[in-house]
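Note sheet for the following structure.
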Amino acid sequence: MDKMEHPEKILNLTIDGKQTAVKSGTTILNAARKAGIEIPTLCHHPALEPYGVCRVCIVELKRGKRSRIVTSCNFPVQEDGLEVSTQSERIKRDRRMVIEMLLARCWSSKVIREFAAKNGVTDTDLQKTENEECMLCGLCVNVCRDLIGQSAIGFESRGADRKTSVPFGKPSDSCIGCGACVYVCPTGCIKMEDLPQERVIERWKSEVPILVCKSCGKGFGTVKQLEILKTKNPLTKVYLEKCPACRERELAEVMVRKGGI
Ligand code: FES
């Protein structure tokens, strides 16, 4: 973008009465963090585009006598003089309702129960779903599609039956077993296990062959991961056969032999 034609604007806003200034386009969540104000989040991940699904990060925006509720993780500051409240009575009431709904859906999730308790909600009168830990935030779907470029996971069905799944509930060839979905899942409901020969992600019915280090015999990623990496980077044979720890150790040994260190 041509900075002469579109100079970056600095905008002033107050958050819970605290004055701060941010670049135009900064999300309210990041503006609050910059001002040292904590807003609870669940479906926000810094590596991914915010989609504003869980709604626990809601804040109230005031302009004169008018106010509205927005999700702070994906709402950009684009005008001067915004007044933001992260703890108004309306926000406390609405956020509590959102958390109760999450708690009812994910009653089996320790992460959600702890998150709810931290935010003052320890129980709910809503009907609880048993054995459900997925909050349907879609981070797994998004990371697989947007960062890994595989689109192995998606959403299935609607309403109460909605869930994340692999196409037709069958193991997907597109799953490379990278585990990105496991790392971004806020509730920890996607489990991954490395067996001697394969990496298993039970939720997706994935069993992907493990890449075994020729030197130490330990697994270091999956064969499919490496195949994808090879298409993006010219890798030497040692990268294909040895794990990072062994490569590092062997390099250090070579340097010692040559008197380099
Ligand atoms: S963290 Fe903003 S909607 Fe989930």
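In the structure tokens, the first chain shown is A, the next is B, and so on; residue numbers restart at 1 for each chain, and ligands run from 1 in the order shown.
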
Using 8 Å as the limit and counting only C-alpha atoms and all ligand atoms, can you tabulate each residue of chain A that touches ligand 1, with its shortest atom-to-atom distance in Å and the two atoms involved, as a tab-separated table?
residue	atom	partner	partner_atom_place_in_ligand_line	distance
A:Pro40	CA	ligand 1	1 (S)	7.1
A:Thr41	CA	ligand 1	1 (S)	3.8
A:Leu42	CA	ligand 1	1 (S)	4.7
A:Cys43	CA	ligand 1	4 (Fe)	3.9
A:His44	CA	ligand 1	1 (S)	4.3
A:Pro50	CA	ligand 1	2 (Fe)	7.1
A:Tyr51	CA	ligand 1	3 (S)	6.7
A:Gly52	CA	ligand 1	3 (S)	3.3
A:Val53	CA	ligand 1	3 (S)	4.4
A:Cys54	CA	ligand 1	4 (Fe)	3.8
A:Arg55	CA	ligand 1	3 (S)	3.8
A:Val56	CA	ligand 1	4 (Fe)	5.6
A:Cys57	CA	ligand 1	2 (Fe)	4.5
A:Ile58	CA	ligand 1	2 (Fe)	6.8
A:Thr71	CA	ligand 1	2 (Fe)	5.3
A:Ser72	CA	ligand 1	2 (Fe)	5.9
A:Cys73	CA	ligand 1	2 (Fe)	4.3
A:Asn74	CA	ligand 1	2 (Fe)	6.6
A:Cys137	CA	ligand 1	4 (Fe)	7.6

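One finds atom CA of A:Met101 at 23.2 Å from atom CA of A:Arg203.
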
Pick from A:Asp16, A:Glu156, A:Glu130, A:Asp161, whichever lies nearest to A:Ser109 using only C-alpha atoms: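 Ranking A:Asp16, A:Glu156, A:Glu130, A:Asp161 by distance to A:Ser109, first place goes to A:Glu130.
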
Within stretch 189-254 of chain A, find each residue whose DSSP state, derived from the backbone, is strand (DSSP E or B), and express the selection as a PyMOL selection string. chain A and resi 192-194+198-201+206-212+219-222

File dump, residues just selected, C-alpha atoms, as a PDB file, in the first residue's frame:
ATOM      1  CA  MET A 192      -2.522 -37.301  19.063  1.00  0.00           C
ATOM      2  CA  GLU A 193      -0.432 -40.335  19.851  1.00  0.00           C
ATOM      3  CA  ASP A 194       2.891 -41.378  18.348  1.00  0.00           C
ATOM      4  CA  GLU A 198       2.512 -44.325  13.017  1.00  0.00           C
ATOM      5  CA  ARG A 199       1.001 -41.161  14.336  1.00  0.00           C
ATOM      6  CA  VAL A 200      -2.615 -41.565  15.353  1.00  0.00           C
ATOM      7  CA  ILE A 201      -5.155 -38.732  15.565  1.00  0.00           C
ATOM      8  CA  SER A 206      -5.893 -40.725  10.925  1.00  0.00           C
ATOM      9  CA  GLU A 207      -3.010 -43.174  11.051  1.00  0.00           C
ATOM     10  CA  VAL A 208      -0.038 -41.616   9.303  1.00  0.00           C
ATOM     11  CA  PRO A 209       3.354 -43.377   8.965  1.00  0.00           C
ATOM     12  CA  ILE A 210       6.027 -41.877  11.193  1.00  0.00           C
ATOM     13  CA  LEU A 211       9.362 -40.751   9.886  1.00  0.00           C
ATOM     14  CA  VAL A 212      12.003 -42.605  11.899  1.00  0.00           C
ATOM     15  CA  GLY A 219      10.158 -40.581  15.264  1.00  0.00           C
ATOM     16  CA  PHE A 220      10.432 -36.988  14.065  1.00  0.00           C
ATOM     17  CA  GLY A 221       7.307 -36.006  12.188  1.00  0.00           C
ATOM     18  CA  THR A 222       5.486 -37.955   9.530  1.00  0.00           C
TER      19      THR A 222
END

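Between atom CA of A:Glu49 and atom CA of A:Ala152 there is a distance of 18.4 Å.
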
Counting only C-alpha atoms, the option among A:Ile15, A:Val223, A:Met255, A:Ile153 closest to A:Ala35: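 Among A:Ile15, A:Val223, A:Met255, A:Ile153, it is A:Ile15 that comes nearest to A:Ala35.
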
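Nearest to A:Leu82 of all the residues A:Leu11, A:Val98, A:Ile39, A:Ala180 is A:Leu11, based on only C-alpha atoms.
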
Could you pull the residues within 12 Å of stretch 60-70 of chain A, counting only C-alpha atoms, minus those fewer than 5 positions along the same chain, as a PyMOL selection string? chain A and resi 13-17+27-29+39+52-55+75-77+79-95

In stretch 140-250 of chain A, what's alpha helix (DSSP H) per DSSP? Answer as a ChimeraX atom specification? /A:140-142,180-184,223-232,237-241,244-250

What would the file look like if the residues just selected were written as a PDB file, in the first residue's frame with N, CA and C atoms?
ATOM      1  N   CYS A 140      -9.430 -25.823  14.344  1.00  0.00           N
ATOM      2  CA  CYS A 140      -8.793 -26.983  13.687  1.00  0.00           C
ATOM      3  C   CYS A 140      -9.045 -26.945  12.177  1.00  0.00           C
ATOM      4  N   VAL A 141     -10.282 -26.592  11.811  1.00  0.00           N
ATOM      5  CA  VAL A 141     -10.656 -26.518  10.392  1.00  0.00           C
ATOM      6  C   VAL A 141      -9.841 -25.410   9.714  1.00  0.00           C
ATOM      7  N   ASN A 142      -9.759 -24.266  10.406  1.00  0.00           N
ATOM      8  CA  ASN A 142      -9.082 -23.110   9.815  1.00  0.00           C
ATOM      9  C   ASN A 142      -7.570 -23.316   9.691  1.00  0.00           C
ATOM     10  N   ALA A 180      -1.170 -29.857  13.672  1.00  0.00           N
ATOM     11  CA  ALA A 180      -1.485 -28.426  13.874  1.00  0.00           C
ATOM     12  C   ALA A 180      -2.851 -28.264  14.549  1.00  0.00           C
ATOM     13  N   CYS A 181      -3.799 -29.115  14.170  1.00  0.00           N
ATOM     14  CA  CYS A 181      -5.147 -29.050  14.774  1.00  0.00           C
ATOM     15  C   CYS A 181      -5.071 -29.315  16.275  1.00  0.00           C
ATOM     16  N   VAL A 182      -4.163 -30.216  16.669  1.00  0.00           N
ATOM     17  CA  VAL A 182      -4.012 -30.554  18.086  1.00  0.00           C
ATOM     18  C   VAL A 182      -3.471 -29.343  18.852  1.00  0.00           C
ATOM     19  N   TYR A 183      -2.478 -28.681  18.238  1.00  0.00           N
ATOM     20  CA  TYR A 183      -1.829 -27.571  18.936  1.00  0.00           C
ATOM     21  C   TYR A 183      -2.749 -26.361  19.097  1.00  0.00           C
ATOM     22  N   VAL A 184      -3.645 -26.111  18.129  1.00  0.00           N
ATOM     23  CA  VAL A 184      -4.470 -24.897  18.235  1.00  0.00           C
ATOM     24  C   VAL A 184      -5.786 -25.125  18.971  1.00  0.00           C
ATOM     25  N   VAL A 223       5.882 -39.065   7.438  1.00  0.00           N
ATOM     26  CA  VAL A 223       6.364 -39.196   6.067  1.00  0.00           C
ATOM     27  C   VAL A 223       5.636 -38.187   5.159  1.00  0.00           C
ATOM     28  N   LYS A 224       4.320 -38.044   5.377  1.00  0.00           N
ATOM     29  CA  LYS A 224       3.551 -37.121   4.532  1.00  0.00           C
ATOM     30  C   LYS A 224       3.967 -35.669   4.751  1.00  0.00           C
ATOM     31  N   GLN A 225       4.291 -35.333   5.998  1.00  0.00           N
ATOM     32  CA  GLN A 225       4.755 -33.979   6.296  1.00  0.00           C
ATOM     33  C   GLN A 225       6.007 -33.670   5.484  1.00  0.00           C
ATOM     34  N   LEU A 226       6.920 -34.639   5.480  1.00  0.00           N
ATOM     35  CA  LEU A 226       8.171 -34.443   4.780  1.00  0.00           C
ATOM     36  C   LEU A 226       7.949 -34.328   3.262  1.00  0.00           C
ATOM     37  N   GLU A 227       7.007 -35.101   2.757  1.00  0.00           N
ATOM     38  CA  GLU A 227       6.718 -35.031   1.319  1.00  0.00           C
ATOM     39  C   GLU A 227       6.272 -33.623   0.942  1.00  0.00           C
ATOM     40  N   ILE A 228       5.426 -33.025   1.808  1.00  0.00           N
ATOM     41  CA  ILE A 228       4.959 -31.658   1.551  1.00  0.00           C
ATOM     42  C   ILE A 228       6.126 -30.685   1.655  1.00  0.00           C
ATOM     43  N   LEU A 229       6.960 -30.874   2.701  1.00  0.00           N
ATOM     44  CA  LEU A 229       8.109 -29.981   2.887  1.00  0.00           C
ATOM     45  C   LEU A 229       9.034 -30.016   1.679  1.00  0.00           C
ATOM     46  N   LYS A 230       9.214 -31.221   1.131  1.00  0.00           N
ATOM     47  CA  LYS A 230      10.123 -31.379  -0.018  1.00  0.00           C
ATOM     48  C   LYS A 230       9.648 -30.581  -1.219  1.00  0.00           C
ATOM     49  N   THR A 231       8.314 -30.450  -1.355  1.00  0.00           N
ATOM     50  CA  THR A 231       7.805 -29.709  -2.509  1.00  0.00           C
ATOM     51  C   THR A 231       8.032 -28.208  -2.330  1.00  0.00           C
ATOM     52  N   LYS A 232       8.263 -27.792  -1.076  1.00  0.00           N
ATOM     53  CA  LYS A 232       8.423 -26.351  -0.822  1.00  0.00           C
ATOM     54  C   LYS A 232       9.875 -25.928  -0.641  1.00  0.00           C
ATOM     55  N   LYS A 237      19.725 -34.885   1.733  1.00  0.00           N
ATOM     56  CA  LYS A 237      19.414 -36.238   2.209  1.00  0.00           C
ATOM     57  C   LYS A 237      19.379 -36.317   3.738  1.00  0.00           C
ATOM     58  N   VAL A 238      20.300 -35.577   4.390  1.00  0.00           N
ATOM     59  CA  VAL A 238      20.380 -35.673   5.847  1.00  0.00           C
ATOM     60  C   VAL A 238      19.082 -35.200   6.508  1.00  0.00           C
ATOM     61  N   TYR A 239      18.401 -34.250   5.876  1.00  0.00           N
ATOM     62  CA  TYR A 239      17.127 -33.765   6.419  1.00  0.00           C
ATOM     63  C   TYR A 239      16.042 -34.828   6.311  1.00  0.00           C
ATOM     64  N   LEU A 240      16.155 -35.674   5.308  1.00  0.00           N
ATOM     65  CA  LEU A 240      15.135 -36.685   5.092  1.00  0.00           C
ATOM     66  C   LEU A 240      15.343 -37.882   6.006  1.00  0.00           C
ATOM     67  N   GLU A 241      16.561 -38.037   6.507  1.00  0.00           N
ATOM     68  CA  GLU A 241      16.869 -39.272   7.240  1.00  0.00           C
ATOM     69  C   GLU A 241      17.102 -39.098   8.730  1.00  0.00           C
ATOM     70  N   PRO A 244      16.207 -33.527  13.937  1.00  0.00           N
ATOM     71  CA  PRO A 244      16.953 -32.294  14.203  1.00  0.00           C
ATOM     72  C   PRO A 244      18.012 -32.474  15.295  1.00  0.00           C
ATOM     73  N   ALA A 245      17.701 -33.230  16.358  1.00  0.00           N
ATOM     74  CA  ALA A 245      18.669 -33.394  17.454  1.00  0.00           C
ATOM     75  C   ALA A 245      19.918 -34.122  16.960  1.00  0.00           C
ATOM     76  N   CYS A 246      19.720 -35.195  16.160  1.00  0.00           N
ATOM     77  CA  CYS A 246      20.880 -35.945  15.652  1.00  0.00           C
ATOM     78  C   CYS A 246      21.673 -35.108  14.650  1.00  0.00           C
ATOM     79  N   ARG A 247      20.951 -34.344  13.817  1.00  0.00           N
ATOM     80  CA  ARG A 247      21.662 -33.490  12.841  1.00  0.00           C
ATOM     81  C   ARG A 247      22.546 -32.485  13.574  1.00  0.00           C
ATOM     82  N   GLU A 248      21.991 -31.900  14.620  1.00  0.00           N
ATOM     83  CA  GLU A 248      22.727 -30.907  15.399  1.00  0.00           C
ATOM     84  C   GLU A 248      23.950 -31.542  16.069  1.00  0.00           C
ATOM     85  N   ARG A 249      23.722 -32.724  16.678  1.00  0.00           N
ATOM     86  CA  ARG A 249      24.818 -33.392  17.380  1.00  0.00           C
ATOM     87  C   ARG A 249      25.940 -33.744  16.398  1.00  0.00           C
ATOM     88  N   GLU A 250      25.548 -34.277  15.213  1.00  0.00           N
ATOM     89  CA  GLU A 250      26.573 -34.685  14.239  1.00  0.00           C
ATOM     90  C   GLU A 250      27.334 -33.477  13.699  1.00  0.00           C
TER      91      GLU A 250
END

Could you tell me how far atom CA of A:Cys213 lies from atom CA of A:Cys185, in Å and to one decimal?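 Result for atom CA of A:Cys213 versus atom CA of A:Cys185: 28.1 Å, one decimal.
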
Fewer than 5 positions away in the same chain doesn't count, so skip those; otherwise give me all residues within 12 Å of stretch 157-160 of chain A, counting only C-alpha atoms, as a short mmCIF file (atom, residue, chain, number, x, y, z; two decimals) with C-alpha atoms, in the first residue's frame.
data_model
loop_
_atom_site.label_atom_id
_atom_site.label_comp_id
_atom_site.auth_asym_id
_atom_site.auth_seq_id
_atom_site.Cartn_x
_atom_site.Cartn_y
_atom_site.Cartn_z
CA ARG A 105 -22.06 -27.87 25.73
CA THR A 129 -24.14 -32.37 27.00
CA GLU A 132 -18.48 -33.41 24.51
CA MET A 135 -16.78 -26.06 21.41
CA LEU A 136 -17.13 -25.85 17.60
CA SER A 165 -15.19 -34.20 11.07
CA PRO A 167 -15.25 -36.06 4.92
CA PHE A 168 -17.85 -38.85 5.27
CA GLY A 169 -16.30 -39.74 8.64
#
